[in-house]
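Raw contents of start-v6.pdb, PDB, C-alpha atoms:
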ATOM      1  CA  MET S  11      -2.012  23.840   5.733  1.00  0.00           C
ATOM      2  CA  ARG S  12       1.253  24.622   3.948  1.00  0.00           C
ATOM      3  CA  PHE S  13       2.738  22.836   0.957  1.00  0.00           C
ATOM      4  CA  PHE S  14       6.143  23.070  -0.640  1.00  0.00           C
ATOM      5  CA  VAL S  15       6.140  23.005  -4.430  1.00  0.00           C
ATOM      6  CA  LEU S  16       8.882  22.020  -6.795  1.00  0.00           C
ATOM      7  CA  THR S  17       9.982  25.168  -8.599  1.00  0.00           C
ATOM      8  CA  ASN S  18      12.177  23.340 -11.074  1.00  0.00           C
ATOM      9  CA  SER S  19      11.749  20.058 -12.895  1.00  0.00           C
ATOM     10  CA  PRO S  20      15.076  18.238 -13.078  1.00  0.00           C
ATOM     11  CA  ASN S  21      15.940  16.039 -16.014  1.00  0.00           C
ATOM     12  CA  LEU S  22      15.247  12.439 -15.177  1.00  0.00           C
ATOM     13  CA  ASP S  23      18.381  10.339 -15.133  1.00  0.00           C
ATOM     14  CA  PRO S  24      17.713   6.675 -15.978  1.00  0.00           C
ATOM     15  CA  ASP S  25      20.380   5.728 -13.465  1.00  0.00           C
ATOM     16  CA  PRO S  26      20.238   8.426 -10.751  1.00  0.00           C
ATOM     17  CA  GLY S  27      22.769   8.567  -7.987  1.00  0.00           C
ATOM     18  CA  PRO S  28      22.277   9.406  -4.285  1.00  0.00           C
ATOM     19  CA  SER S  29      21.875  13.077  -5.176  1.00  0.00           C
ATOM     20  CA  TYR S  30      18.687  12.403  -7.158  1.00  0.00           C
ATOM     21  CA  LEU S  31      16.300  13.212  -4.317  1.00  0.00           C
ATOM     22  CA  LEU S  32      18.055  16.490  -3.623  1.00  0.00           C
ATOM     23  CA  SER S  33      17.856  17.380  -7.308  1.00  0.00           C
ATOM     24  CA  LEU S  34      14.060  17.264  -7.060  1.00  0.00           C
ATOM     25  CA  PHE S  35      14.138  20.457  -4.998  1.00  0.00           C
ATOM     26  CA  SER S  36      15.421  23.925  -5.701  1.00  0.00           C
ATOM     27  CA  HIS S  37      17.261  25.944  -3.065  1.00  0.00           C
ATOM     28  CA  ALA S  38      14.012  27.710  -2.128  1.00  0.00           C
ATOM     29  CA  ASP S  39      12.256  24.367  -1.818  1.00  0.00           C
ATOM     30  CA  LEU S  40      14.952  23.060   0.526  1.00  0.00           C
ATOM     31  CA  LEU S  41      14.684  26.167   2.698  1.00  0.00           C
ATOM     32  CA  LEU S  42      10.919  25.769   2.922  1.00  0.00           C
ATOM     33  CA  LEU S  43      11.325  22.069   3.653  1.00  0.00           C
ATOM     34  CA  ALA S  44      13.725  22.914   6.483  1.00  0.00           C
ATOM     35  CA  ASP S  45      11.142  25.361   7.837  1.00  0.00           C
ATOM     36  CA  LEU S  46       8.465  22.652   7.797  1.00  0.00           C
ATOM     37  CA  LEU S  47      10.715  19.966   9.295  1.00  0.00           C
ATOM     38  CA  PRO S  48      10.012  20.743  13.012  1.00  0.00           C
ATOM     39  CA  GLY S  49       6.263  20.413  12.433  1.00  0.00           C
ATOM     40  CA  ALA S  50       6.775  17.156  10.575  1.00  0.00           C
ATOM     41  CA  ILE S  51       8.924  15.747  13.390  1.00  0.00           C
ATOM     42  CA  GLY S  52       6.288  16.746  15.948  1.00  0.00           C
ATOM     43  CA  GLY S  53       3.559  15.102  13.901  1.00  0.00           C
ATOM     44  CA  VAL S  54       5.575  11.895  13.537  1.00  0.00           C
ATOM     45  CA  LEU S  55       6.225  11.811  17.298  1.00  0.00           C
ATOM     46  CA  VAL S  56       2.487  12.155  17.984  1.00  0.00           C
ATOM     47  CA  LEU S  57       1.859   9.390  15.446  1.00  0.00           C
ATOM     48  CA  ILE S  58       4.331   7.103  17.238  1.00  0.00           C
ATOM     49  CA  LEU S  59       2.637   7.802  20.574  1.00  0.00           C
ATOM     50  CA  LEU S  60      -0.752   6.967  19.067  1.00  0.00           C
ATOM     51  CA  LEU S  61       0.630   3.702  17.658  1.00  0.00           C
ATOM     52  CA  LEU S  62       2.022   2.869  21.100  1.00  0.00           C
ATOM     53  CA  ALA S  63      -1.353   3.605  22.688  1.00  0.00           C
ATOM     54  CA  SER S  64      -3.087   1.448  20.077  1.00  0.00           C
ATOM     55  CA  ALA S  65      -0.644  -1.386  20.780  1.00  0.00           C
ATOM     56  CA  LEU S  66      -1.228  -1.202  24.547  1.00  0.00           C
ATOM     57  CA  ILE S  67      -5.007  -1.115  24.179  1.00  0.00           C
ATOM     58  CA  SER S  68      -5.044  -3.987  21.667  1.00  0.00           C
ATOM     59  CA  GLY S  69      -2.714  -6.049  23.819  1.00  0.00           C
ATOM     60  CA  SER S  70      -4.887  -5.406  26.859  1.00  0.00           C
ATOM     61  CA  GLU S  71      -7.801  -7.196  25.239  1.00  0.00           C
ATOM     62  CA  VAL S  72      -5.777 -10.403  24.943  1.00  0.00           C
ATOM     63  CA  ALA S  73      -4.050  -9.912  28.295  1.00  0.00           C
ATOM     64  CA  PHE S  74      -7.222  -9.531  30.376  1.00  0.00           C
ATOM     65  CA  PHE S  75      -9.303 -12.144  28.593  1.00  0.00           C
ATOM     66  CA  SER S  76      -6.591 -14.800  28.588  1.00  0.00           C
ATOM     67  CA  LEU S  77      -6.077 -14.817  32.354  1.00  0.00           C
ATOM     68  CA  THR S  78      -6.720 -18.249  33.827  1.00  0.00           C
ATOM     69  CA  ASN S  79      -8.220 -19.268  37.169  1.00  0.00           C
ATOM     70  CA  ALA S  80      -4.696 -19.905  38.417  1.00  0.00           C
ATOM     71  CA  ASP S  81      -3.751 -16.347  37.488  1.00  0.00           C
ATOM     72  CA  TYR S  82      -6.766 -14.947  39.350  1.00  0.00           C
ATOM     73  CA  ASN S  83      -5.976 -17.076  42.411  1.00  0.00           C
ATOM     74  CA  ALA S  84      -2.440 -15.690  42.420  1.00  0.00           C
ATOM     75  CA  LEU S  85      -3.799 -12.160  42.087  1.00  0.00           C
ATOM     76  CA  ARG S  86      -6.164 -12.691  45.046  1.00  0.00           C
ATOM     77  CA  GLU S  87      -3.177 -13.627  47.190  1.00  0.00           C
ATOM     78  CA  ASP S  88      -1.365 -10.517  46.008  1.00  0.00           C
ATOM     79  CA  ASN S  89      -2.382  -7.412  47.939  1.00  0.00           C
ATOM     80  CA  SER S  90      -0.926  -4.913  45.462  1.00  0.00           C
ATOM     81  CA  PRO S  91      -3.062  -2.142  43.898  1.00  0.00           C
ATOM     82  CA  PRO S  92      -2.685  -3.513  40.332  1.00  0.00           C
ATOM     83  CA  ALA S  93      -3.930  -6.935  41.457  1.00  0.00           C
ATOM     84  CA  LYS S  94      -6.947  -5.340  43.139  1.00  0.00           C
ATOM     85  CA  ARG S  95      -7.740  -3.337  40.002  1.00  0.00           C
ATOM     86  CA  ILE S  96      -7.536  -6.441  37.799  1.00  0.00           C
ATOM     87  CA  LEU S  97      -9.967  -8.291  40.075  1.00  0.00           C
ATOM     88  CA  LEU S  98     -12.274  -5.276  40.029  1.00  0.00           C
ATOM     89  CA  LEU S  99     -12.201  -5.096  36.228  1.00  0.00           C
ATOM     90  CA  LYS S 100     -12.939  -8.831  36.086  1.00  0.00           C
ATOM     91  CA  GLN S 101     -16.337  -8.151  37.588  1.00  0.00           C
ATOM     92  CA  LYS S 102     -17.371  -6.095  34.526  1.00  0.00           C
ATOM     93  CA  PRO S 103     -16.079  -8.059  31.524  1.00  0.00           C
ATOM     94  CA  TYR S 104     -18.591  -6.716  28.988  1.00  0.00           C
ATOM     95  CA  ARG S 105     -17.989  -3.088  29.917  1.00  0.00           C
ATOM     96  CA  LEU S 106     -14.247  -3.730  29.905  1.00  0.00           C
ATOM     97  CA  LEU S 107     -14.367  -5.238  26.409  1.00  0.00           C
ATOM     98  CA  ALA S 108     -16.589  -2.421  25.125  1.00  0.00           C
ATOM     99  CA  THR S 109     -14.232   0.191  26.575  1.00  0.00           C
ATOM    100  CA  ILE S 110     -11.195  -1.446  24.979  1.00  0.00           C
ATOM    101  CA  LEU S 111     -12.897  -1.600  21.562  1.00  0.00           C
ATOM    102  CA  ILE S 112     -14.132   1.993  21.768  1.00  0.00           C
ATOM    103  CA  CYS S 113     -10.683   3.308  22.758  1.00  0.00           C
ATOM    104  CA  ASN S 114      -8.965   1.265  20.074  1.00  0.00           C
ATOM    105  CA  ASN S 115     -11.285   2.567  17.359  1.00  0.00           C
ATOM    106  CA  PHE S 116     -10.883   6.190  18.453  1.00  0.00           C
ATOM    107  CA  ILE S 117      -7.087   5.833  18.465  1.00  0.00           C
ATOM    108  CA  ASN S 118      -7.019   4.118  15.076  1.00  0.00           C
ATOM    109  CA  ILE S 119      -9.199   6.831  13.553  1.00  0.00           C
ATOM    110  CA  ALA S 120      -6.847   9.461  14.992  1.00  0.00           C
ATOM    111  CA  ILE S 121      -3.866   7.616  13.465  1.00  0.00           C
ATOM    112  CA  VAL S 122      -5.497   7.537  10.025  1.00  0.00           C
ATOM    113  CA  LEU S 123      -6.472  11.221  10.134  1.00  0.00           C
ATOM    114  CA  LEU S 124      -3.064  12.358  11.384  1.00  0.00           C
ATOM    115  CA  SER S 125      -1.263  10.216   8.795  1.00  0.00           C
ATOM    116  CA  GLU S 126      -3.364  11.677   5.989  1.00  0.00           C
ATOM    117  CA  TYR S 127      -2.695  15.212   7.274  1.00  0.00           C
ATOM    118  CA  LEU S 128       1.070  14.644   7.473  1.00  0.00           C
ATOM    119  CA  ILE S 129       1.243  13.095   4.013  1.00  0.00           C
ATOM    120  CA  ARG S 130      -0.767  15.853   2.382  1.00  0.00           C
ATOM    121  CA  SER S 131       1.172  18.564   4.250  1.00  0.00           C
ATOM    122  CA  TYR S 132       4.718  17.321   3.710  1.00  0.00           C
ATOM    123  CA  LEU S 133       4.430  15.087   0.616  1.00  0.00           C
ATOM    124  CA  PRO S 134       2.563  17.199  -1.967  1.00  0.00           C
ATOM    125  CA  ASP S 135       1.134  15.804  -5.187  1.00  0.00           C
ATOM    126  CA  VAL S 136       4.043  17.078  -7.262  1.00  0.00           C
ATOM    127  CA  TYR S 137       6.404  14.798  -5.337  1.00  0.00           C
ATOM    128  CA  PHE S 138       4.422  11.728  -6.401  1.00  0.00           C
ATOM    129  CA  VAL S 139       4.213  13.071  -9.976  1.00  0.00           C
ATOM    130  CA  ASN S 140       8.013  13.326 -10.160  1.00  0.00           C
ATOM    131  CA  MET S 141       8.459   9.916  -8.533  1.00  0.00           C
ATOM    132  CA  ALA S 142       5.990   8.385 -11.009  1.00  0.00           C
ATOM    133  CA  ALA S 143       7.884   9.988 -13.900  1.00  0.00           C
ATOM    134  CA  TRP S 144      11.168   8.570 -12.630  1.00  0.00           C
ATOM    135  CA  LEU S 145       9.681   5.074 -12.197  1.00  0.00           C
ATOM    136  CA  THR S 146       8.167   5.201 -15.668  1.00  0.00           C
ATOM    137  CA  GLU S 147      11.542   6.191 -17.093  1.00  0.00           C
ATOM    138  CA  LYS S 148      13.378   3.572 -15.048  1.00  0.00           C
ATOM    139  CA  PHE S 149      11.095   0.605 -15.666  1.00  0.00           C
ATOM    140  CA  SER S 150       9.739   0.277 -19.182  1.00  0.00           C
ATOM    141  CA  ILE S 151       7.063  -2.216 -18.026  1.00  0.00           C
ATOM    142  CA  LEU S 152       5.189   0.708 -16.507  1.00  0.00           C
ATOM    143  CA  ASN S 153       4.649   2.053 -20.006  1.00  0.00           C
ATOM    144  CA  ALA S 154       3.352  -1.273 -21.278  1.00  0.00           C
ATOM    145  CA  GLY S 155       1.059  -3.823 -19.648  1.00  0.00           C
ATOM    146  CA  LEU S 156       0.806  -2.084 -16.279  1.00  0.00           C
ATOM    147  CA  GLY S 157      -0.984   0.875 -17.821  1.00  0.00           C
ATOM    148  CA  GLU S 158      -3.855  -1.386 -18.862  1.00  0.00           C
ATOM    149  CA  TRP S 159      -3.806  -3.336 -15.562  1.00  0.00           C
ATOM    150  CA  ILE S 160      -4.377  -0.257 -13.381  1.00  0.00           C
ATOM    151  CA  GLY S 161      -7.423   0.674 -15.456  1.00  0.00           C
ATOM    152  CA  GLY S 162      -6.458   4.169 -16.505  1.00  0.00           C
ATOM    153  CA  PHE S 163      -5.324   5.433 -13.102  1.00  0.00           C
ATOM    154  CA  GLU S 164      -2.212   7.595 -13.158  1.00  0.00           C
ATOM    155  CA  LEU S 165       0.868   6.097 -11.527  1.00  0.00           C
ATOM    156  CA  ASP S 166       1.221   9.035  -9.125  1.00  0.00           C
ATOM    157  CA  ILE S 167      -2.296   8.294  -7.821  1.00  0.00           C
ATOM    158  CA  ILE S 168      -1.304   4.657  -7.280  1.00  0.00           C
ATOM    159  CA  LEU S 169       1.801   5.781  -5.367  1.00  0.00           C
ATOM    160  CA  ARG S 170      -0.185   8.126  -3.128  1.00  0.00           C
ATOM    161  CA  PHE S 171      -2.778   5.425  -2.486  1.00  0.00           C
ATOM    162  CA  SER S 172      -0.005   2.966  -1.585  1.00  0.00           C
ATOM    163  CA  VAL S 173       1.450   5.372   0.975  1.00  0.00           C
ATOM    164  CA  THR S 174      -1.756   6.721   2.492  1.00  0.00           C
ATOM    165  CA  VAL S 175      -3.847   3.545   2.587  1.00  0.00           C
ATOM    166  CA  ILE S 176      -1.658   0.466   2.264  1.00  0.00           C
ATOM    167  CA  GLY S 177       1.227   1.940   4.277  1.00  0.00           C
ATOM    168  CA  VAL S 178      -0.930   3.193   7.152  1.00  0.00           C
ATOM    169  CA  THR S 179      -2.920  -0.050   7.218  1.00  0.00           C
ATOM    170  CA  PHE S 180       0.303  -2.046   7.395  1.00  0.00           C
ATOM    171  CA  LEU S 181       1.522   0.026  10.363  1.00  0.00           C
ATOM    172  CA  LEU S 182      -1.798  -0.356  12.160  1.00  0.00           C
ATOM    173  CA  VAL S 183      -2.028  -4.105  11.618  1.00  0.00           C
ATOM    174  CA  LEU S 184       1.599  -4.893  12.430  1.00  0.00           C
ATOM    175  CA  PHE S 185       2.351  -2.512  15.297  1.00  0.00           C
ATOM    176  CA  GLY S 186      -1.170  -1.816  16.543  1.00  0.00           C
ATOM    177  CA  GLU S 187      -2.732  -5.272  16.384  1.00  0.00           C
ATOM    178  CA  VAL S 188      -0.589  -8.325  15.614  1.00  0.00           C
ATOM    179  CA  THR S 189       2.639  -7.635  17.524  1.00  0.00           C
ATOM    180  CA  PRO S 190       1.038  -6.450  20.804  1.00  0.00           C
ATOM    181  CA  LYS S 191      -1.424  -9.355  20.833  1.00  0.00           C
ATOM    182  CA  VAL S 192       1.358 -11.880  20.321  1.00  0.00           C
ATOM    183  CA  TYR S 193       3.284 -10.283  23.186  1.00  0.00           C
ATOM    184  CA  ALA S 194       0.191 -10.093  25.408  1.00  0.00           C
ATOM    185  CA  ARG S 195      -0.472 -13.781  24.931  1.00  0.00           C
ATOM    186  CA  SER S 196       2.829 -14.710  26.581  1.00  0.00           C
ATOM    187  CA  GLU S 197       2.968 -11.827  29.096  1.00  0.00           C
ATOM    188  CA  ASN S 198      -0.717 -11.463  29.950  1.00  0.00           C
ATOM    189  CA  VAL S 199      -0.326 -10.964  33.706  1.00  0.00           C
ATOM    190  CA  ARG S 200       2.434  -8.380  33.333  1.00  0.00           C
ATOM    191  CA  LEU S 201       0.536  -6.381  30.724  1.00  0.00           C
ATOM    192  CA  ALA S 202      -2.726  -6.634  32.680  1.00  0.00           C
ATOM    193  CA  ARG S 203      -0.968  -5.214  35.746  1.00  0.00           C
ATOM    194  CA  PHE S 204       0.537  -2.383  33.695  1.00  0.00           C
ATOM    195  CA  MET S 205      -2.750  -1.457  32.003  1.00  0.00           C
ATOM    196  CA  SER S 206      -5.054  -1.956  34.997  1.00  0.00           C
ATOM    197  CA  GLY S 207      -4.732   1.684  36.063  1.00  0.00           C
ATOM    198  CA  PRO S 208      -5.331   3.315  32.646  1.00  0.00           C
ATOM    199  CA  LEU S 209      -8.202   0.953  31.873  1.00  0.00           C
ATOM    200  CA  ARG S 210      -9.815   1.689  35.222  1.00  0.00           C
ATOM    201  CA  LEU S 211      -9.827   5.388  34.321  1.00  0.00           C
ATOM    202  CA  LEU S 212     -11.005   4.739  30.759  1.00  0.00           C
ATOM    203  CA  LEU S 213     -13.801   2.515  32.068  1.00  0.00           C
ATOM    204  CA  SER S 214     -15.173   5.473  34.020  1.00  0.00           C
ATOM    205  CA  PHE S 215     -14.560   8.006  31.233  1.00  0.00           C
ATOM    206  CA  PHE S 216     -16.305   5.936  28.536  1.00  0.00           C
ATOM    207  CA  ALA S 217     -19.072   4.660  30.807  1.00  0.00           C
ATOM    208  CA  PRO S 218     -21.864   6.429  28.838  1.00  0.00           C
ATOM    209  CA  LEU S 219     -20.667   4.863  25.565  1.00  0.00           C
ATOM    210  CA  SER S 220     -19.701   1.431  26.832  1.00  0.00           C
TER
END
Let me see the file written as structure tokens.
Amino acid sequence: MRFFVLTNSPNLDPDPGPSYLLSLFSHADLLLLADLLPGAIGGVLVLILLLLASALISGSEVAFFSLTNADYNALREDNSPPAKRILLLKQKPYRLLATILICNNFINIAIVLLSEYLIRSYLPDVYFVNMAAWLTEKFSILNAGLGEWIGGFELDIILRFSVTVIGVTFLLVLFGEVTPKVYARSENVRLARFMSGPLRLLLSFFAPLS
């Protein structure tokens, strides 16, 4: 795991301009950051794919278990492969639910681990230290009552916690749970058709666990 380290500590300007972020890094730091950029982009792309997979799996739970008798009657009249798969999955509701929950948990764990790896690899501790110093200089309240409120924790630790825990949780809840379930509620048949194939494969793959 590689880190880039600030080799110079710029003077903190109480009213920094757009060039402030660049001033945090020396020329060598920028070169190293450019070298690490392709890996960071690849990691972010994988993270987006995992969030998409989490959204599809979460939405599938609502889509399949909100189908009505009228929907199933329409699917019985439809002779398409997706309709047949949906009717087949309907025969094993408990295994289907268990498979969806198992897949969703595995994906969410992967998202958390990958997010932590990316943050620690490309946002080293010294970045949060400098950001905390700038915030303390910018907002005098951070030197007063807030210091007692956070119970002795350093501000840079609070910033890292906000990014790694609160930020990742927000992404998971919004894009991996709430949004797909709202969509699946109104487009349950369409999403069930789309996910019938993948879930049929996952049902077989996770059979020992489910």
Which protein, DNA or RNA residues have an atom at most 8 Å from (-5.8, 8.7, 20.7), counting only C-alpha atoms? List them as a short mmCIF file (atom, residue, chain, number, x, y, z; two decimals) with C-alpha atoms, in the frame of the given file.
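The resulting file, out-v1.cif, is shown below:
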data_model
loop_
_atom_site.label_atom_id
_atom_site.label_comp_id
_atom_site.auth_asym_id
_atom_site.auth_seq_id
_atom_site.Cartn_x
_atom_site.Cartn_y
_atom_site.Cartn_z
CA LEU S 60 -0.75 6.97 19.07
CA ALA S 63 -1.35 3.60 22.69
CA SER S 64 -3.09 1.45 20.08
CA CYS S 113 -10.68 3.31 22.76
CA PHE S 116 -10.88 6.19 18.45
CA ILE S 117 -7.09 5.83 18.46
CA ASN S 118 -7.02 4.12 15.08
CA ALA S 120 -6.85 9.46 14.99
CA ILE S 121 -3.87 7.62 13.46
#
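Take CA of Ser68 in chain S and CA of Leu106 in chain S: the distance between them is 12.4 Å.
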Residues picked by the PyMOL selection byres ((chain S and resi 57) around 10) here, as number ranges by chain? S: 51-56, 58-63, 120-122, 124-125, 128
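Evaluating the PyMOL selection byres ((chain S and resi 189-195) around 10) against the shown model yields Leu62, Ser64, Ala65, Leu66, Ile67, Ser68, Gly69, Ser70, Glu71, Val72, Ala73, Phe74, Phe75, Ser76, Leu77, Val183, Leu184, Phe185, Gly186, Glu187, Val188, Ser196, Glu197, Asn198, Val199, Arg200, Leu201 and Ala202 of chain S.
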Produce a file of the selected residues containing C-alpha atoms, as a PDB file, in the frame of the given file.
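Now in part_30.pdb:
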ATOM      1  CA  LEU S  62       2.022   2.869  21.100  1.00  0.00           C
ATOM      2  CA  SER S  64      -3.087   1.448  20.077  1.00  0.00           C
ATOM      3  CA  ALA S  65      -0.644  -1.386  20.780  1.00  0.00           C
ATOM      4  CA  LEU S  66      -1.228  -1.202  24.547  1.00  0.00           C
ATOM      5  CA  ILE S  67      -5.007  -1.115  24.179  1.00  0.00           C
ATOM      6  CA  SER S  68      -5.044  -3.987  21.667  1.00  0.00           C
ATOM      7  CA  GLY S  69      -2.714  -6.049  23.819  1.00  0.00           C
ATOM      8  CA  SER S  70      -4.887  -5.406  26.859  1.00  0.00           C
ATOM      9  CA  GLU S  71      -7.801  -7.196  25.239  1.00  0.00           C
ATOM     10  CA  VAL S  72      -5.777 -10.403  24.943  1.00  0.00           C
ATOM     11  CA  ALA S  73      -4.050  -9.912  28.295  1.00  0.00           C
ATOM     12  CA  PHE S  74      -7.222  -9.531  30.376  1.00  0.00           C
ATOM     13  CA  PHE S  75      -9.303 -12.144  28.593  1.00  0.00           C
ATOM     14  CA  SER S  76      -6.591 -14.800  28.588  1.00  0.00           C
ATOM     15  CA  LEU S  77      -6.077 -14.817  32.354  1.00  0.00           C
ATOM     16  CA  VAL S 183      -2.028  -4.105  11.618  1.00  0.00           C
ATOM     17  CA  LEU S 184       1.599  -4.893  12.430  1.00  0.00           C
ATOM     18  CA  PHE S 185       2.351  -2.512  15.297  1.00  0.00           C
ATOM     19  CA  GLY S 186      -1.170  -1.816  16.543  1.00  0.00           C
ATOM     20  CA  GLU S 187      -2.732  -5.272  16.384  1.00  0.00           C
ATOM     21  CA  VAL S 188      -0.589  -8.325  15.614  1.00  0.00           C
ATOM     22  CA  SER S 196       2.829 -14.710  26.581  1.00  0.00           C
ATOM     23  CA  GLU S 197       2.968 -11.827  29.096  1.00  0.00           C
ATOM     24  CA  ASN S 198      -0.717 -11.463  29.950  1.00  0.00           C
ATOM     25  CA  VAL S 199      -0.326 -10.964  33.706  1.00  0.00           C
ATOM     26  CA  ARG S 200       2.434  -8.380  33.333  1.00  0.00           C
ATOM     27  CA  LEU S 201       0.536  -6.381  30.724  1.00  0.00           C
ATOM     28  CA  ALA S 202      -2.726  -6.634  32.680  1.00  0.00           C
TER      29      ALA S 202
END
With all atoms listed in the file as the atoms that count, which of S:Ala142, S:Arg203, S:Asn115, S:Ile110 lies nearest to Ser90 in chain S? S:Arg203
Spatial neighbours of Ser220 in chain S, 10 Å, all atoms listed in the file, chain gap at least 4 places, as an MDAnalysis selection string: chainID S and resid 104:112 213:216
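Coordinates place CA of Leu209 in chain S at a distance of 11.9 Å from CA of Lys102 in chain S.
One finds CA of Met141 in chain S at 25.3 Å from CA of Leu182 in chain S.
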